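Enquirer: Quick one: this structure, given as structure tokens, is what I'll be asking you about.
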Amino acid sequence: MLEVADLRITYGGNSGWFGRGKAPPPTVKNVNFTLKAGETLGLVGESGSGESTTGKAVLGLIPFDGSVRIAGQDVFQSSPSIMLPIRRAAQMIVQDPYASRSAHECRQGRCGTAGHPRHRDGAGAQGKGCRTSHPRGPDGRCRRTLSARIFAGQRQRICIARALALEPTLIVADESVAALDVSVRARVLDLMLELQEQMGLAYLFVSHDIAVIEKMAHHVAVMRGGEMGTRRQVFESPKDNYTRGLMAAVPIPDPRRHRTEAKALRVS
Ligand SMILES: Nc1ncnc2c1ncn2[C@@H]1O[C@H](COP(=O)(O)OP(=O)(O)OP(=O)(O)O)[C@@H](O)[C@H]1O
């Protein structure tokens with residue numbers, strides 16, 4: 001579904017007076033991974049290590065060096081006629097459900113529609129979007145509600161619905177549940193897993209929340225450190241020091257385990 005090879009991204013490539021200054025260092029370099037249909041790759045790393053940048057490059061939203069292929073087609077080098085279905089097949093679920101909705105959009109019945117008008121097939125896409133945002137609720141309820149009055153979980157489901165309205169096969173989910181409280185987050189993640197099973201979706205899942213990655217990902221790639229493997233390999237027996245440090249920084253919500261581990265650290 002997705003092949004990324006030797007990805008390199010530099011922001012502000014031409015710096016200085018007429019671009020003659022020293023080029024800034026790349027934000028992302030040497031990134032390689034693949035993602036199969038129906039699977040999730042969790043992209044983790046400390047803040048600023050370039051996961052979001054990588055997600056944007058995968059969708060062709062920012063320029064990059066190297067190669068990104070979706071369903072075998074090069075994201076930048078294919079002709080527009082080849083790219084149109086590929087752009088429809090790869091969608092993003094954004095990080096902030098509050099920033100992504102205007103207060104009146106839902107009332108106007110546009111909350112379930114998505115993408116560039118060229119991608120839409122009118123009422124079909126809109127109806128599908130609304131059904132997806134309310135899989136267990138009455139059809140089209142969101143059309144009558146101001147989005148300012150929709151609660152966070154519902155908003156995030158609308159973001160998911162927008163991404164799904166074009167029937168994508170690949171979704172880049174960039175901190176998609178970061179703005180949600182714990183119980184709503186769990187419900188949205190369950191919904192995403194359910195949709196993955198039903199639609200065979202591939203997710204590139206970017207999150208700083210290791211617990212979210214542990215729940216969602218089949219494979220995990222660590223930015224900066226570069227370790228990659230199955231969820232089990234990376235979480236249970238990380239080989240790289242950077243990954244071990246990243247895992248050790250995750251707070252343990254069990255005070256008894258925390259005390260035992262702290263004691264063990266003091267003894268050693
Ligand atoms: N448009 C931009 N122009 C210049 N620099 C940018 C731009 N977007 C991001 N950066 C810089 O690139 C680096 C990586 O940003 P990115 O958002 O990809 O990181 P991240 O690991 O996803 O972290 P976070 O989740 O905290 O945003 C950061 O230092 C950031 O300041």
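In the structure tokens, chains take the letters A, B, ... in the order shown, each chain's residues start at 1, and ligands count up from 1 in the order shown.
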List every residue of chain A that has an atom at most 9 Å from any atom of ligand 1, and for each one report the closest atom pair and its distance in Å to one decimal, counting only C-alpha atoms and all ligand atoms, with rows sorted by chain and then by increasing residue number, as CSV.
Expert:
```
residue,atom,partner,partner_atom_place_in_ligand_line,distance
A:Thr10,CA,ligand 1,5 (N),8.3
A:Tyr11,CA,ligand 1,4 (C),4.9
A:Gly12,CA,ligand 1,4 (C),6.4
A:Pro26,CA,ligand 1,12 (O),8.8
A:Thr27,CA,ligand 1,12 (O),5.5
A:Val28,CA,ligand 1,14 (C),7.7
A:Val44,CA,ligand 1,21 (O),8.0
A:Gly45,CA,ligand 1,21 (O),6.3
A:Glu46,CA,ligand 1,21 (O),6.0
A:Ser47,CA,ligand 1,23 (O),3.9
A:Gly48,CA,ligand 1,19 (O),3.6
A:Ser49,CA,ligand 1,21 (O),3.9
A:Gly50,CA,ligand 1,18 (O),3.3
A:Glu51,CA,ligand 1,22 (O),4.1
A:Ser52,CA,ligand 1,22 (O),3.7
A:Thr53,CA,ligand 1,18 (O),3.6
A:Thr54,CA,ligand 1,18 (O),6.5
A:Gly55,CA,ligand 1,18 (O),8.0
A:Lys56,CA,ligand 1,18 (O),8.4
A:Ile62,CA,ligand 1,1 (N),8.8
A:Asp174,CA,ligand 1,22 (O),8.0
A:Glu175,CA,ligand 1,25 (O),7.4
A:Val206,CA,ligand 1,22 (O),7.6
A:Ser207,CA,ligand 1,25 (O),7.4
A:His208,CA,ligand 1,25 (O),7.0
A:Met223,CA,ligand 1,21 (O),8.1
```
Enquirer: Please build the interface table for range 16-71 of chain A against range 176-195 of chain A with a cut-off of 12 Å, listing for each qualifying residue the nearest atom pair and the distance in Å to one decimal; count only C-alpha atoms, order rows by chain and increasing number, and write it as CSV.
Expert:
```
residue,atom,partner,partner_atom,distance
A:Gly38,CA,A:Leu195,CA,10.0
A:Glu39,CA,A:Leu193,CA,10.1
A:Thr40,CA,A:Leu193,CA,9.7
A:Ser52,CA,A:Ser176,CA,11.3
```
Enquirer: Could you please write out, as a list in words, every residue of range 186-215 of chain A that DSSP assigns to strand (DSSP E or B)?
Expert: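 In range 186-215 of chain A, DSSP puts these residues in strand (DSSP E or B): Ala202, Tyr203, Leu204, Phe205 and Val206 of chain A.
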Enquirer: I need the residues from that last selection saved to file as a compact mmCIF listing (two decimals), in the first residue's frame (with N, CA and C atoms), if you can.
Expert:
```
# COMPACT_ATOMS: atom_id res chain seq x y z
N ALA A 202 -5.35 0.83 5.64
CA ALA A 202 -3.99 0.88 6.19
C ALA A 202 -3.86 2.22 6.91
N TYR A 203 -3.36 2.19 8.15
CA TYR A 203 -3.16 3.43 8.90
C TYR A 203 -1.67 3.70 9.09
N LEU A 204 -1.25 4.93 8.80
CA LEU A 204 0.05 5.40 9.28
C LEU A 204 -0.28 6.24 10.50
N PHE A 205 0.03 5.73 11.68
CA PHE A 205 -0.48 6.32 12.91
C PHE A 205 0.64 7.06 13.63
N VAL A 206 0.52 8.37 13.67
CA VAL A 206 1.53 9.19 14.35
C VAL A 206 1.00 9.55 15.73
```
Enquirer: Residues near Met83 in chain A, anyone? I mean within 12 Å using only C-alpha atoms, not counting same-chain ones fewer than 4 positions away, as a list in words.
Expert: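 Residues meeting the cut-off are Leu59, Gly60, Arg69, Ile70, Ala71, Gly72, Gln73, Asp74, Val75, Phe76, Gln77, Ser78, Ser79, Arg87, Arg88, Ala89, Ala90 and His119 of chain A.
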Enquirer: Just the number, please: distance in Å from CA of Leu41 in chain A to CA of Leu84 in chain A, one decimal.
Expert: 24.3 Å
